[in-house]
$ cat structure_23.cif   # mmCIF, C-alpha atoms
data_upload
loop_
_atom_site.group_PDB
_atom_site.id
_atom_site.type_symbol
_atom_site.label_atom_id
_atom_site.label_comp_id
_atom_site.auth_asym_id
_atom_site.auth_seq_id
_atom_site.Cartn_x
_atom_site.Cartn_y
_atom_site.Cartn_z
ATOM 1 C CA MET F 1 0.000 0.000 0.000
ATOM 2 C CA LYS F 2 1.089 3.546 -0.759
ATOM 3 C CA MET F 3 -0.405 6.898 0.190
ATOM 4 C CA ILE F 4 -0.318 10.389 -1.213
ATOM 5 C CA ILE F 5 -1.699 12.940 1.243
ATOM 6 C CA GLY F 6 -1.928 16.699 1.695
ATOM 7 C CA GLY F 7 -4.299 19.634 1.918
ATOM 8 C CA ALA F 8 -6.905 20.453 -0.743
ATOM 9 C CA PHE F 9 -5.704 21.778 -4.131
ATOM 10 C CA GLN F 10 -2.039 20.960 -3.602
ATOM 11 C CA GLY F 11 -1.523 18.907 -6.773
ATOM 12 C CA LYS F 12 -1.941 15.456 -5.251
ATOM 13 C CA THR F 13 -3.823 14.003 -8.247
ATOM 14 C CA LEU F 14 -1.351 15.484 -10.724
ATOM 15 C CA LEU F 15 1.537 13.975 -8.805
ATOM 16 C CA ALA F 16 -0.283 10.651 -8.468
ATOM 17 C CA ASN F 17 -0.755 10.503 -12.249
ATOM 18 C CA LYS F 18 2.875 11.380 -12.783
ATOM 19 C CA ILE F 19 4.157 8.651 -10.449
ATOM 20 C CA TYR F 20 1.590 6.031 -11.509
ATOM 21 C CA PRO F 21 0.652 6.743 -15.161
ATOM 22 C CA GLU F 22 -0.614 3.177 -15.653
ATOM 23 C CA ILE F 23 -3.158 3.195 -12.836
ATOM 24 C CA VAL F 24 -6.908 3.448 -13.457
ATOM 25 C CA TRP F 25 -8.261 5.465 -10.568
ATOM 26 C CA ALA F 26 -11.518 5.056 -8.686
ATOM 27 C CA ASN F 27 -13.018 8.156 -7.136
ATOM 28 C CA GLY F 28 -13.806 8.024 -3.407
ATOM 29 C CA GLY F 29 -16.789 10.339 -3.783
ATOM 30 C CA ASP F 30 -18.746 8.001 -6.059
ATOM 31 C CA ALA F 31 -17.177 4.561 -5.628
ATOM 32 C CA ASP F 32 -18.921 1.787 -3.729
ATOM 33 C CA TRP F 33 -17.131 -0.711 -1.488
ATOM 34 C CA GLU F 34 -16.668 -3.231 -4.320
ATOM 35 C CA MET F 35 -14.883 -0.631 -6.440
ATOM 36 C CA ILE F 36 -12.768 0.436 -3.477
ATOM 37 C CA ALA F 37 -11.937 -3.173 -2.704
ATOM 38 C CA SER F 38 -10.676 -3.890 -6.227
ATOM 39 C CA ALA F 39 -9.256 -0.521 -7.383
ATOM 40 C CA GLN F 40 -5.590 -0.087 -8.251
ATOM 41 C CA GLY F 41 -5.766 3.465 -7.004
ATOM 42 C CA ILE F 42 -8.320 5.652 -5.216
ATOM 43 C CA LEU F 43 -8.537 9.434 -5.516
ATOM 44 C CA SER F 44 -10.298 11.528 -2.824
ATOM 45 C CA PHE F 45 -10.308 8.651 -0.374
ATOM 46 C CA HIS F 46 -11.542 11.058 2.332
ATOM 47 C CA GLU F 47 -14.760 11.485 0.302
ATOM 48 C CA PHE F 48 -15.384 7.757 0.569
ATOM 49 C CA ILE F 49 -15.086 7.976 4.357
ATOM 50 C CA ARG F 50 -17.560 10.872 4.415
ATOM 51 C CA LYS F 51 -20.007 9.011 2.171
ATOM 52 C CA GLU F 52 -19.856 5.904 4.368
ATOM 53 C CA MET F 53 -20.512 7.960 7.492
ATOM 54 C CA GLN F 54 -23.384 9.828 5.851
ATOM 55 C CA THR F 55 -24.928 6.473 4.934
ATOM 56 C CA GLY F 56 -24.626 5.455 8.581
ATOM 57 C CA ASN F 57 -21.891 2.856 8.028
ATOM 58 C CA ASP F 58 -19.319 2.302 10.769
ATOM 59 C CA VAL F 59 -15.815 3.258 9.579
ATOM 60 C CA SER F 60 -13.890 2.276 12.709
ATOM 61 C CA GLU F 61 -12.652 -0.928 11.008
ATOM 62 C CA LEU F 62 -12.392 0.502 7.486
ATOM 63 C CA ALA F 63 -8.586 0.563 7.496
ATOM 64 C CA GLU F 64 -8.334 -3.081 8.595
ATOM 65 C CA ARG F 65 -10.882 -4.171 5.972
ATOM 66 C CA LEU F 66 -9.122 -2.330 3.183
ATOM 67 C CA ILE F 67 -5.714 -3.729 4.163
ATOM 68 C CA GLN F 68 -7.236 -7.203 4.050
ATOM 69 C CA VAL F 69 -8.920 -7.005 0.627
ATOM 70 C CA ASN F 70 -6.735 -4.498 -1.256
ATOM 71 C CA PRO F 71 -3.249 -4.330 0.264
ATOM 72 C CA GLN F 72 -1.570 -3.043 -2.919
ATOM 73 C CA VAL F 73 -3.828 -0.039 -3.505
ATOM 74 C CA VAL F 74 -2.490 3.513 -3.950
ATOM 75 C CA LEU F 75 -4.557 5.933 -1.839
ATOM 76 C CA VAL F 76 -4.813 9.655 -2.444
ATOM 77 C CA SER F 77 -6.460 11.511 0.432
ATOM 78 C CA ASN F 78 -6.914 15.011 1.771
ATOM 79 C CA GLU F 79 -5.727 15.943 5.219
ATOM 80 C CA VAL F 80 -8.716 17.574 6.931
ATOM 81 C CA GLY F 81 -7.605 17.931 10.554
ATOM 82 C CA TYR F 82 -5.713 21.226 10.470
ATOM 83 C CA GLY F 83 -8.475 23.681 11.358
ATOM 84 C CA ILE F 84 -10.581 24.852 14.278
ATOM 85 C CA VAL F 85 -12.766 22.091 15.764
ATOM 86 C CA PRO F 86 -16.013 22.256 13.731
ATOM 87 C CA ILE F 87 -19.249 23.307 15.438
ATOM 88 C CA ASP F 88 -21.224 20.580 13.676
ATOM 89 C CA ALA F 89 -21.041 17.170 15.402
ATOM 90 C CA PHE F 90 -20.957 15.214 12.126
ATOM 91 C CA ASP F 91 -18.107 17.376 10.824
ATOM 92 C CA ARG F 92 -16.200 16.767 14.046
ATOM 93 C CA ALA F 93 -16.699 13.010 13.820
ATOM 94 C CA TYR F 94 -15.789 12.958 10.107
ATOM 95 C CA ARG F 95 -12.634 15.000 10.655
ATOM 96 C CA GLU F 96 -11.477 12.667 13.380
ATOM 97 C CA ALA F 97 -12.417 9.517 11.443
ATOM 98 C CA VAL F 98 -10.308 10.560 8.437
ATOM 99 C CA GLY F 99 -7.383 10.996 10.832
ATOM 100 C CA ARG F 100 -7.828 7.662 12.598
ATOM 101 C CA VAL F 101 -8.414 5.637 9.416
ATOM 102 C CA CYS F 102 -5.509 7.233 7.558
ATOM 103 C CA THR F 103 -3.168 6.865 10.556
ATOM 104 C CA LYS F 104 -3.777 3.106 10.537
ATOM 105 C CA LEU F 105 -3.348 2.943 6.749
ATOM 106 C CA ALA F 106 -0.130 4.984 6.950
ATOM 107 C CA ALA F 107 1.238 2.569 9.557
ATOM 108 C CA TYR F 108 0.645 -0.271 7.079
ATOM 109 C CA SER F 109 1.831 1.604 3.972
ATOM 110 C CA THR F 110 5.357 1.117 2.660
ATOM 111 C CA GLN F 111 5.453 4.659 1.358
ATOM 112 C CA VAL F 112 3.688 7.890 2.331
ATOM 113 C CA THR F 113 4.168 11.054 0.283
ATOM 114 C CA ARG F 114 2.913 14.428 1.467
ATOM 115 C CA VAL F 115 2.167 17.087 -1.146
ATOM 116 C CA VAL F 116 2.529 20.808 -0.447
ATOM 117 C CA CYS F 117 2.365 23.330 -3.321
ATOM 118 C CA GLY F 118 2.661 20.514 -5.828
ATOM 119 C CA ILE F 119 5.876 19.222 -4.271
ATOM 120 C CA GLY F 120 5.798 15.711 -2.914
ATOM 121 C CA THR F 121 7.938 14.871 0.122
ATOM 122 C CA VAL F 122 8.301 11.250 1.045
ATOM 123 C CA ILE F 123 7.742 11.162 4.813
ATOM 124 C CA LYS F 124 7.782 7.377 5.094
ATOM 125 C CA ASP F 125 9.718 4.911 2.991
ATOM 126 C CA ALA F 126 9.849 1.496 4.591
ATOM 127 C CA MET R 1 14.820 17.552 27.310
ATOM 128 C CA MET R 2 11.657 19.226 26.060
ATOM 129 C CA ILE R 3 9.727 17.915 23.070
ATOM 130 C CA LEU R 4 6.864 19.796 21.443
ATOM 131 C CA VAL R 5 4.496 17.462 19.577
ATOM 132 C CA THR R 6 2.082 19.017 17.116
ATOM 133 C CA GLY R 7 -0.199 17.879 14.291
ATOM 134 C CA GLY R 8 -3.779 17.747 13.080
ATOM 135 C CA SER R 9 -6.811 16.119 14.643
ATOM 136 C CA GLY R 10 -6.755 12.335 14.943
ATOM 137 C CA SER R 11 -3.212 12.124 13.625
ATOM 138 C CA GLY R 12 -1.614 10.014 16.366
ATOM 139 C CA LYS R 13 -0.009 12.796 18.424
ATOM 140 C CA SER R 14 -0.910 11.244 21.787
ATOM 141 C CA ALA R 15 0.397 7.799 20.941
ATOM 142 C CA PHE R 16 3.658 9.339 19.727
ATOM 143 C CA ALA R 17 3.973 11.556 22.824
ATOM 144 C CA GLU R 18 3.382 8.608 25.150
ATOM 145 C CA ASP R 19 6.077 6.638 23.317
ATOM 146 C CA CYS R 20 8.495 9.543 23.897
ATOM 147 C CA ILE R 21 7.739 9.505 27.629
ATOM 148 C CA VAL R 22 8.198 5.754 27.898
ATOM 149 C CA ALA R 23 11.506 6.032 25.992
ATOM 150 C CA PHE R 24 12.782 8.508 28.611
ATOM 151 C CA GLY R 25 12.964 5.668 31.128
ATOM 152 C CA ASN R 26 11.609 5.092 34.570
ATOM 153 C CA ALA R 27 11.443 8.500 36.269
ATOM 154 C CA ARG R 28 8.086 9.314 37.887
ATOM 155 C CA ARG R 29 5.587 9.879 35.057
ATOM 156 C CA ILE R 30 2.992 12.575 35.428
ATOM 157 C CA TYR R 31 0.225 13.246 32.934
ATOM 158 C CA ILE R 32 -1.149 16.776 33.067
ATOM 159 C CA ALA R 33 -4.695 16.580 31.742
ATOM 160 C CA THR R 34 -6.074 19.909 30.572
ATOM 161 C CA MET R 35 -9.359 18.920 28.973
ATOM 162 C CA TYR R 36 -12.298 20.039 31.075
ATOM 163 C CA PRO R 37 -14.973 17.310 30.765
ATOM 164 C CA PHE R 38 -17.991 19.508 30.135
ATOM 165 C CA ASP R 39 -20.160 17.172 28.027
ATOM 166 C CA GLU R 40 -20.611 13.576 26.924
ATOM 167 C CA GLU R 41 -18.275 13.930 23.920
ATOM 168 C CA SER R 42 -15.408 15.301 26.018
ATOM 169 C CA ARG R 43 -15.956 12.651 28.707
ATOM 170 C CA LYS R 44 -15.675 9.981 25.981
ATOM 171 C CA ARG R 45 -12.501 11.611 24.735
ATOM 172 C CA VAL R 46 -11.009 11.610 28.246
ATOM 173 C CA LYS R 47 -11.920 7.912 28.648
ATOM 174 C CA ARG R 48 -10.237 7.036 25.337
ATOM 175 C CA HIS R 49 -7.030 8.737 26.458
ATOM 176 C CA GLN R 50 -7.183 7.079 29.882
ATOM 177 C CA ALA R 51 -7.428 3.689 28.175
ATOM 178 C CA MET R 52 -4.409 4.527 25.984
ATOM 179 C CA ARG R 53 -2.327 5.459 29.051
ATOM 180 C CA GLN R 54 -3.332 2.417 31.047
ATOM 181 C CA GLY R 55 -0.384 0.331 32.222
ATOM 182 C CA LYS R 56 2.191 2.986 31.339
ATOM 183 C CA GLY R 57 2.555 4.120 34.954
ATOM 184 C CA PHE R 58 1.247 7.668 34.758
ATOM 185 C CA ASP R 59 -0.084 9.652 37.695
ATOM 186 C CA THR R 60 -2.746 11.969 36.325
ATOM 187 C CA LEU R 61 -2.892 15.586 37.447
ATOM 188 C CA GLU R 62 -5.838 17.636 36.271
ATOM 189 C CA CYS R 63 -4.890 21.216 35.492
ATOM 190 C CA TYR R 64 -7.410 23.406 33.710
ATOM 191 C CA THR R 65 -5.830 26.790 34.470
ATOM 192 C CA GLY R 66 -2.826 28.165 36.373
ATOM 193 C CA LEU R 67 -0.159 25.755 35.119
ATOM 194 C CA ALA R 68 2.570 27.715 36.986
ATOM 195 C CA ARG R 69 0.934 26.669 40.275
ATOM 196 C CA ALA R 70 0.658 22.945 39.430
ATOM 197 C CA ALA R 71 2.031 20.531 42.032
ATOM 198 C CA ILE R 72 4.838 18.942 40.018
ATOM 199 C CA PRO R 73 7.536 17.144 41.992
ATOM 200 C CA GLU R 74 11.107 17.931 40.977
ATOM 201 C CA GLY R 75 12.840 15.573 38.569
ATOM 202 C CA SER R 76 9.667 14.016 37.178
ATOM 203 C CA THR R 77 8.850 13.234 33.575
ATOM 204 C CA VAL R 78 5.775 15.118 32.419
ATOM 205 C CA LEU R 79 3.382 14.756 29.515
ATOM 206 C CA LEU R 80 1.106 17.783 29.127
ATOM 207 C CA GLU R 81 -1.926 17.210 26.938
ATOM 208 C CA CYS R 82 -2.998 19.348 25.388
ATOM 209 C CA MET R 83 -2.072 22.983 24.828
ATOM 210 C CA SER R 84 -5.183 23.746 22.770
ATOM 211 C CA ASN R 85 -7.423 22.915 25.736
ATOM 212 C CA LEU R 86 -5.281 24.754 28.268
ATOM 213 C CA VAL R 87 -5.325 27.904 26.132
ATOM 214 C CA ALA R 88 -9.106 27.712 25.700
ATOM 215 C CA ASN R 89 -9.519 27.256 29.473
ATOM 216 C CA GLU R 90 -7.293 30.241 30.280
ATOM 217 C CA MET R 91 -9.173 32.381 27.767
ATOM 218 C CA PHE R 92 -12.748 31.398 28.518
ATOM 219 C CA GLN R 93 -13.012 29.954 32.020
ATOM 220 C CA GLU R 94 -14.030 32.334 34.774
ATOM 221 C CA ASN R 95 -10.829 31.914 36.771
ATOM 222 C CA GLY R 96 -8.634 31.911 33.641
ATOM 223 C CA ALA R 97 -5.995 34.458 32.635
ATOM 224 C CA HIS R 98 -8.149 35.933 29.814
ATOM 225 C CA GLU R 99 -6.133 38.676 28.038
ATOM 226 C CA ASN R 100 -2.981 37.466 29.835
ATOM 227 C CA THR R 101 -3.326 33.938 28.497
ATOM 228 C CA VAL R 102 -0.086 33.852 26.484
ATOM 229 C CA LYS R 103 2.016 34.948 29.467
ATOM 230 C CA ALA R 104 0.220 32.632 31.899
ATOM 231 C CA VAL R 105 0.797 29.620 29.663
ATOM 232 C CA VAL R 106 4.413 30.414 28.778
ATOM 233 C CA ASP R 107 5.222 31.067 32.464
ATOM 234 C CA GLY R 108 3.594 27.741 33.257
ATOM 235 C CA VAL R 109 5.756 25.889 30.727
ATOM 236 C CA GLU R 110 8.902 27.639 32.035
ATOM 237 C CA PHE R 111 7.959 26.393 35.490
ATOM 238 C CA LEU R 112 7.522 22.855 34.121
ATOM 239 C CA GLN R 113 10.908 23.039 32.413
ATOM 240 C CA LYS R 114 12.513 23.872 35.776
ATOM 241 C CA GLN R 115 10.707 21.119 37.653
ATOM 242 C CA THR R 116 11.086 18.278 35.189
ATOM 243 C CA GLU R 117 13.866 16.148 33.845
ATOM 244 C CA ASN R 118 11.918 15.492 30.661
ATOM 245 C CA LEU R 119 8.880 17.283 29.321
ATOM 246 C CA VAL R 120 6.623 16.457 26.386
ATOM 247 C CA ILE R 121 3.897 18.909 25.387
ATOM 248 C CA VAL R 122 1.157 18.089 22.909
ATOM 249 C CA THR R 123 -0.283 20.990 20.956
ATOM 250 C CA ASN R 124 -2.446 21.277 17.879
ATOM 251 C CA GLU R 125 -2.440 22.638 14.349
ATOM 252 C CA ILE R 126 -5.688 24.572 13.955
ATOM 253 C CA PHE R 127 -4.447 27.193 11.529
ATOM 254 C CA SER R 128 -4.909 25.819 8.008
ATOM 255 C CA GLU R 129 -8.414 25.940 6.617
ATOM 256 C CA ALA R 130 -10.661 28.016 4.433
ATOM 257 C CA ALA R 131 -12.984 29.358 7.095
ATOM 258 C CA GLU R 132 -12.231 32.879 8.350
ATOM 259 C CA TYR R 133 -12.985 33.299 12.014
ATOM 260 C CA GLN R 134 -13.773 36.394 13.978
ATOM 261 C CA GLY R 135 -13.835 37.551 17.575
ATOM 262 C CA ASP R 136 -12.946 35.021 20.254
ATOM 263 C CA THR R 137 -12.160 32.199 17.832
ATOM 264 C CA LYS R 138 -9.739 34.314 15.845
ATOM 265 C CA LEU R 139 -8.120 35.529 19.072
ATOM 266 C CA TYR R 140 -7.873 31.904 20.196
ATOM 267 C CA GLN R 141 -5.995 31.017 16.998
ATOM 268 C CA LYS R 142 -3.723 34.001 17.539
ATOM 269 C CA TYR R 143 -2.920 33.118 21.154
ATOM 270 C CA LEU R 144 -2.311 29.440 20.418
ATOM 271 C CA GLY R 145 -0.167 30.381 17.399
ATOM 272 C CA MET R 146 1.936 32.745 19.522
ATOM 273 C CA ILE R 147 2.279 30.134 22.263
ATOM 274 C CA ASN R 148 3.287 27.426 19.786
ATOM 275 C CA GLN R 149 6.035 29.679 18.442
ATOM 276 C CA LYS R 150 7.363 30.422 21.936
ATOM 277 C CA LEU R 151 7.259 26.779 22.976
ATOM 278 C CA SER R 152 9.004 25.793 19.778
ATOM 279 C CA ASP R 153 11.786 28.218 20.696
ATOM 280 C CA MET R 154 12.099 26.698 24.159
ATOM 281 C CA ALA R 155 11.917 23.071 23.010
ATOM 282 C CA ASP R 156 14.861 20.835 22.107
ATOM 283 C CA GLU R 157 12.739 19.034 19.544
ATOM 284 C CA VAL R 158 9.651 20.032 17.571
ATOM 285 C CA VAL R 159 7.884 17.217 15.788
ATOM 286 C CA GLU R 160 4.745 17.231 13.681
ATOM 287 C CA VAL R 161 2.950 13.895 13.678
ATOM 288 C CA VAL R 162 1.364 13.226 10.276
ATOM 289 C CA TYR R 163 -0.889 10.159 10.358
ATOM 290 C CA GLY R 164 1.428 8.633 12.937
ATOM 291 C CA ILE R 165 4.616 9.530 11.037
ATOM 292 C CA PRO R 166 6.985 11.913 12.859
ATOM 293 C CA VAL R 167 8.138 14.844 10.726
ATOM 294 C CA TYR R 168 10.871 16.747 12.577
ATOM 295 C CA HIS R 169 10.960 20.543 12.345
ATOM 296 C CA LYS R 170 13.624 20.847 15.019
ATOM 297 C CA LYS R 171 15.892 17.992 15.937
ATOM 298 C CA TYR R 172 17.922 17.555 19.097
ATOM 299 C CA LYS R 173 21.673 17.547 18.486
ATOM 300 C CA ALA R 174 23.971 16.638 21.334
ATOM 301 C CA SER R 175 26.676 18.795 19.692
ATOM 302 C CA ASP R 176 24.515 21.921 20.115
ATOM 303 C CA VAL R 177 24.302 21.287 23.838
ATOM 304 C CA ASP R 178 28.081 20.786 24.020
ATOM 305 C CA ARG R 179 28.609 24.060 22.241
ATOM 306 C CA ARG R 180 26.182 25.809 24.577
ATOM 307 C CA SER R 181 28.009 24.525 27.657
ATOM 308 C CA GLU R 182 31.345 25.619 26.136
ATOM 309 C CA ILE R 183 30.008 29.155 25.754
ATOM 310 C CA ARG R 184 28.891 29.139 29.379
#
$ encode --input "structure_23.cif" --output "structure tokens"
Amino acid sequence: MKMIIGGAFQGKTLLANKIYPEIVWANGGDADWEMIASAQGILSFHEFIRKEMQTGNDVSELAERLIQVNPQVVLVSNEVGYGIVPIDAFDRAYREAVGRVCTKLAAYSTQVTRVVCGIGTVIKDA
Amino acid sequence: MMILVTGGSGSGKSAFAEDCIVAFGNARRIYIATMYPFDEESRKRVKRHQAMRQGKGFDTLECYTGLARAAIPEGSTVLLECMSNLVANEMFQENGAHENTVKAVVDGVEFLQKQTENLVIVTNEIFSEAAEYQGDTKLYQKYLGMINQKLSDMADEVVEVVYGIPVYHKKYKASDVDRRSEIR
């Protein structure tokens, strides 16, 4: 598993396409679990987490499930935890869930790249 | 040794900070808890952290305001968690420091530095988002930002935890300490 992370509009997708030109990407915002489970790469993975939570699905084991069924996937996800604690309870729960899920996935990943201003820095290379 | 641990929400800061404390060895471990449990969500949060600390030999000391008056025995190893709550308490609680929050908190950390052998402070990155805040919230960001900068100056190490991965912004070098003692 590999991850590309960073804030919104930092050039994560562009970089992902540059590093992995052969990958066909699924989109977290409109993919269902089957697509996620079989995709080579997933863009906007944070959107998938939001969609699951909106549907009422429990995401506390999402990282473990994904590692089990799709250990080779390349994940591209926003970091969403760098602001003031949101007033809305769902937003708070979502923000924390993205952190917890991605922390577990990063622990499993062999490589994590963080993108700032279009520049990718490899922060983990196991 | 003082380590400042920062990062976003849910990024693994606490787990990393606890690992730092355990790595310091067997001095008396004190956990300074700053989160005031005012509702069900915060009580849950406190419980989660208590479960994480279980078996690591921490004595917990609740400190919501007035850090400089905390009963910290000399030579202990302290984990303070977290700065974002302490600053909010000082600003908004009745017996807090209000407009003197920055000084109260920095004085408190200076006191901790004197009392402890090793000190780890967890703070928070709440400064990067689209929303523009006003009034108290904006002032809160300003105070916490100023405090983070001061603490970063005082610390031997500053580390941002990104999804559990430590990214060092300031790294402890034994040679720097040698040089400092030579100058003295």
$ residues_near_point --input "structure_23.cif" --point "(-5.2, 20.1, 14.2)" --cutoff "7 Å" --atoms "all atoms listed in the file" --output "list in words"
Gly81, Tyr82 and Gly83 of chain F; Gly7, Gly8, Ser9, Asn124, Glu125 and Ile126 of chain R
$ resolve_selection --input "structure_23.cif" --expression "the PyMOL selection byres ((chain R) within 10 of (chain F))" --output "number ranges by chain"
R: 7-12, 41, 124-131, 133, 137-138, 140-141, 161-167
$ residues_around --input "structure_23.cif" --residues "Val24 of chain F" --least-positions-apart "6" --cutoff "12 Å" --atoms "only C-alpha atoms" --output "VMD selection string"
chain F and resid 16 to 17 35 to 36 38 to 43 73 to 74
$ axis_aligned_box --input "structure_23.cif" --around "segment 14-28 of chain F" --padding-each-side "4 Å" --output "AutoDock Vina command-line options"
--center_x -4.8 --center_y 9.3 --center_z -9.5 --size_x 26.0 --size_y 20.3 --size_z 20.2
$ closest_residue --input "structure_23.cif" --among "R:His49, R:Arg69, R:His98, R:Lys150" --to "Gln115 of chain R" --atoms "only C-alpha atoms"
R:Arg69
$ residues_around --input "structure_23.cif" --residues "Gly75 of chain R" --least-positions-apart "3" --cutoff "12 Å" --atoms "all atoms listed in the file" --output "PyMOL selection string"
chain R and resi 1+26-30+72+78+112-119
$ closest_residue --input "structure_23.cif" --among "F:Val115, F:Tyr94, F:Tyr108, F:Gln72" --to "Ser60 of chain F" --atoms "all atoms listed in the file"
F:Tyr94
$ residues_around --input "structure_23.cif" --residues "segment 33-39 of chain R" --least-positions-apart "4" --cutoff "6 Å" --atoms "all atoms listed in the file" --output "number ranges by chain"
R: 43, 62-64, 81, 85-86
$ write_last_selection --input "structure_23.cif" --atoms "C-alpha atoms" --output "PDB file, in the coordinates of the input"
ATOM      1  CA  ARG R  43     -15.956  12.651  28.707  1.00  0.00           C
ATOM      2  CA  GLU R  62      -5.838  17.636  36.271  1.00  0.00           C
ATOM      3  CA  CYS R  63      -4.890  21.216  35.492  1.00  0.00           C
ATOM      4  CA  TYR R  64      -7.410  23.406  33.710  1.00  0.00           C
ATOM      5  CA  GLU R  81      -1.926  17.210  26.938  1.00  0.00           C
ATOM      6  CA  ASN R  85      -7.423  22.915  25.736  1.00  0.00           C
ATOM      7  CA  LEU R  86      -5.281  24.754  28.268  1.00  0.00           C
TER       8      LEU R  86
END
$ resolve_selection --input "structure_23.cif" --expression "the PyMOL selection byres ((chain F and resi 3) around 7)" --output "PDB file with C-alpha atoms, keeping the file's coordinate frame"
ATOM      1  CA  MET F   1       0.000   0.000   0.000  1.00  0.00           C
ATOM      2  CA  LYS F   2       1.089   3.546  -0.759  1.00  0.00           C
ATOM      3  CA  ILE F   4      -0.318  10.389  -1.213  1.00  0.00           C
ATOM      4  CA  ILE F   5      -1.699  12.940   1.243  1.00  0.00           C
ATOM      5  CA  VAL F  74      -2.490   3.513  -3.950  1.00  0.00           C
ATOM      6  CA  LEU F  75      -4.557   5.933  -1.839  1.00  0.00           C
ATOM      7  CA  VAL F  76      -4.813   9.655  -2.444  1.00  0.00           C
ATOM      8  CA  SER F 109       1.831   1.604   3.972  1.00  0.00           C
ATOM      9  CA  GLN F 111       5.453   4.659   1.358  1.00  0.00           C
ATOM     10  CA  VAL F 112       3.688   7.890   2.331  1.00  0.00           C
ATOM     11  CA  THR F 113       4.168  11.054   0.283  1.00  0.00           C
TER      12      THR F 113
END
$ residues_around --input "structure_23.cif" --residues "Glu47 of chain F" --least-positions-apart "4" --cutoff "9 Å" --atoms "only C-alpha atoms" --output "mmCIF file with C-alpha atoms, in the coordinates of the input"
data_model
loop_
_atom_site.group_PDB
_atom_site.id
_atom_site.type_symbol
_atom_site.label_atom_id
_atom_site.label_comp_id
_atom_site.auth_asym_id
_atom_site.auth_seq_id
_atom_site.Cartn_x
_atom_site.Cartn_y
_atom_site.Cartn_z
ATOM 1 C CA ASN F 27 -13.018 8.156 -7.136
ATOM 2 C CA GLY F 28 -13.806 8.024 -3.407
ATOM 3 C CA GLY F 29 -16.789 10.339 -3.783
ATOM 4 C CA ASP F 30 -18.746 8.001 -6.059
ATOM 5 C CA LEU F 43 -8.537 9.434 -5.516
ATOM 6 C CA LYS F 51 -20.007 9.011 2.171
ATOM 7 C CA GLU F 52 -19.856 5.904 4.368
ATOM 8 C CA SER F 77 -6.460 11.511 0.432
ATOM 9 C CA ASN F 78 -6.914 15.011 1.771
#
$ atom_distance --input "structure_23.cif" --atom1 "atom CA of Tyr31 of chain R" --atom2 "atom CA of Leu144 of chain R"
20.6 Å
$ residues_around --input "structure_23.cif" --residues "Ala68 of chain R" --least-positions-apart "4" --cutoff "9 Å" --atoms "only C-alpha atoms" --output "list in words"
Ala104, Val105, Val106, Asp107, Gly108, Val109, Glu110, Phe111 and Leu112 of chain R
$ atom_distance --input "structure_23.cif" --atom1 "atom CA of Ile119 of chain F" --atom2 "atom CA of Lys12 of chain F"
8.7 Å
$ build_atoms --input "structure_23.cif" --residues "segment 28-40 of chain F" --atoms "N, CA and C atoms" --output "compact mmCIF listing (two decimals), in the coordinates of the input"
# COMPACT_ATOMS: atom_id res chain seq x y z
N GLY F 28 -13.19 8.28 -4.73
CA GLY F 28 -13.81 8.02 -3.41
C GLY F 28 -15.21 8.57 -3.26
N GLY F 29 -15.50 9.70 -3.91
CA GLY F 29 -16.79 10.34 -3.78
C GLY F 29 -17.93 9.56 -4.40
N ASP F 30 -17.64 8.74 -5.43
CA ASP F 30 -18.75 8.00 -6.06
C ASP F 30 -18.52 6.49 -6.17
N ALA F 31 -17.44 6.01 -5.57
CA ALA F 31 -17.18 4.56 -5.63
C ALA F 31 -17.91 3.83 -4.51
N ASP F 32 -18.37 2.60 -4.81
CA ASP F 32 -18.92 1.79 -3.73
C ASP F 32 -17.81 0.88 -3.19
N TRP F 33 -18.15 0.10 -2.16
CA TRP F 33 -17.13 -0.71 -1.49
C TRP F 33 -16.46 -1.68 -2.46
N GLU F 34 -17.25 -2.28 -3.38
CA GLU F 34 -16.67 -3.23 -4.32
C GLU F 34 -15.60 -2.59 -5.19
N MET F 35 -15.88 -1.35 -5.64
CA MET F 35 -14.88 -0.63 -6.44
C MET F 35 -13.65 -0.31 -5.61
N ILE F 36 -13.88 0.11 -4.38
CA ILE F 36 -12.77 0.44 -3.48
C ILE F 36 -11.93 -0.81 -3.22
N ALA F 37 -12.62 -1.93 -3.05
CA ALA F 37 -11.94 -3.17 -2.70
C ALA F 37 -11.09 -3.71 -3.84
N SER F 38 -11.41 -3.31 -5.10
CA SER F 38 -10.68 -3.89 -6.23
C SER F 38 -9.85 -2.85 -7.00
N ALA F 39 -9.94 -1.57 -6.61
CA ALA F 39 -9.26 -0.52 -7.38
C ALA F 39 -7.74 -0.62 -7.25
N GLN F 40 -7.06 -0.19 -8.33
CA GLN F 40 -5.59 -0.09 -8.25
C GLN F 40 -5.21 1.17 -7.48
